[in-house]
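Visitor: Next up is a structure, given as structure tokens.
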Amino acid sequence: MLTEEDKILALLSHILCLIVGFLAPLIIWLIKKDQSVYISEHAQESLNFQISVIIYSAVAGILCLVFIGFLLLPLIGIATLILIIIASIKAYRGEMYRYPLTIRLIK
């Protein structure tokens, strides 16, 4: 049974990325990984997504040299915002969410 605290911390592991990037899910995961599987799964997924976004943005930044990056960077930003909102809603509902196109480095 999920507690309200579990749902809120899972939600925060996603939504706080809009403010502090990968630091929020990293801190939440490090603190709660042994206490709640639900929070750990969400924080891990969020952290992996944020690392993936950094990699994709760096590649798009390099591609700005050939002008395609100027199209990719806004698309990455919009997609990131939408996916974080979806993940936050799912987390608060008690559902697991897997970000698409995520490199899962943290297991």
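Labeling convention for the structure tokens: chains A, B, ... as they appear, residues from 1 per chain, ligands from 1 in order of appearance.
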Give me the residues near Ala60 of chain A as a PyMOL selection string, where near means some atom within 10 Å (using only C-alpha atoms) and where sequence neighbours in that chain fewer than 6 positions away do not count.
Guide: chain A and resi 54+66-74+76
Visitor: Name all residues at most 7 Å from segment 87-101 of chain A (count only C-alpha atoms; drop same-chain ones fewer than 6 positions away) and give them as number ranges by chain.
Guide: A: 7-8, 10-11, 14-15, 45, 49
Visitor: What would the file look like if the residues just selected were written as a PDB file, in the first residue's frame with N, CA and C atoms?
Guide:
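File part_21.pdb, as written:
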ATOM      1  N   LYS A   7       3.802   8.865  -2.607  1.00  0.00           N
ATOM      2  CA  LYS A   7       3.299   9.494  -3.835  1.00  0.00           C
ATOM      3  C   LYS A   7       3.882  10.895  -4.025  1.00  0.00           C
ATOM      4  N   ILE A   8       3.955  11.659  -2.957  1.00  0.00           N
ATOM      5  CA  ILE A   8       4.472  13.029  -3.062  1.00  0.00           C
ATOM      6  C   ILE A   8       5.959  13.029  -3.402  1.00  0.00           C
ATOM      7  N   ALA A  10       7.606  10.669  -4.957  1.00  0.00           N
ATOM      8  CA  ALA A  10       7.727  10.208  -6.343  1.00  0.00           C
ATOM      9  C   ALA A  10       7.388  11.352  -7.300  1.00  0.00           C
ATOM     10  N   LEU A  11       6.342  12.095  -6.988  1.00  0.00           N
ATOM     11  CA  LEU A  11       5.958  13.257  -7.788  1.00  0.00           C
ATOM     12  C   LEU A  11       7.081  14.287  -7.799  1.00  0.00           C
ATOM     13  N   HIS A  14      10.100  13.876 -10.067  1.00  0.00           N
ATOM     14  CA  HIS A  14       9.902  14.258 -11.470  1.00  0.00           C
ATOM     15  C   HIS A  14       9.796  15.778 -11.627  1.00  0.00           C
ATOM     16  N   ILE A  15       8.887  16.387 -10.904  1.00  0.00           N
ATOM     17  CA  ILE A  15       8.539  17.794 -11.135  1.00  0.00           C
ATOM     18  C   ILE A  15       9.660  18.751 -10.735  1.00  0.00           C
ATOM     19  N   GLU A  45      14.070   6.386 -12.522  1.00  0.00           N
ATOM     20  CA  GLU A  45      13.583   6.656 -13.880  1.00  0.00           C
ATOM     21  C   GLU A  45      13.767   8.135 -14.225  1.00  0.00           C
ATOM     22  N   PHE A  49      16.237   9.706 -17.060  1.00  0.00           N
ATOM     23  CA  PHE A  49      15.691  10.595 -18.084  1.00  0.00           C
ATOM     24  C   PHE A  49      16.468  11.911 -18.131  1.00  0.00           C
TER      25      PHE A  49
END
Visitor: If we count only C-alpha atoms, what is near Ala24 of chain A at a cut-off of 10 Å, once residues fewer than 2 positions away on the same chain are taken out, given as a ChimeraX atom specification?
Guide: /A:12-22,26-29,43,46-47
Visitor: Which parts of chain A does DSSP call helix (DSSP H, G or I) when run on the backbone here, written out as a PyMOL selection string?
Guide: chain A and resi 4-15+17-20+23-32+37-66+69-93
Visitor: Quick one: of A:Leu81, A:Ile106, A:Ile55, A:Ile86, who's nearest to Pro25 of chain A, counting only C-alpha atoms?
Guide: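 Using only C-alpha atoms, the shortest distance to Pro25 of chain A belongs to A:Ile106.
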Visitor: Quick one: pull the distance between atom CA of Ile85 of chain A and atom CA of Leu63 of chain A, Å, one decimal.
Guide: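 Going from atom CA of Ile85 of chain A over to atom CA of Leu63 of chain A covers 27.2 Å.
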Visitor: Between A:Leu83, A:Leu23, A:Gln50, A:Asp6, which is the closest to Tyr38 of chain A once you count only C-alpha atoms?
Guide: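 With only C-alpha atoms as the atom set, the closest residue is A:Asp6.
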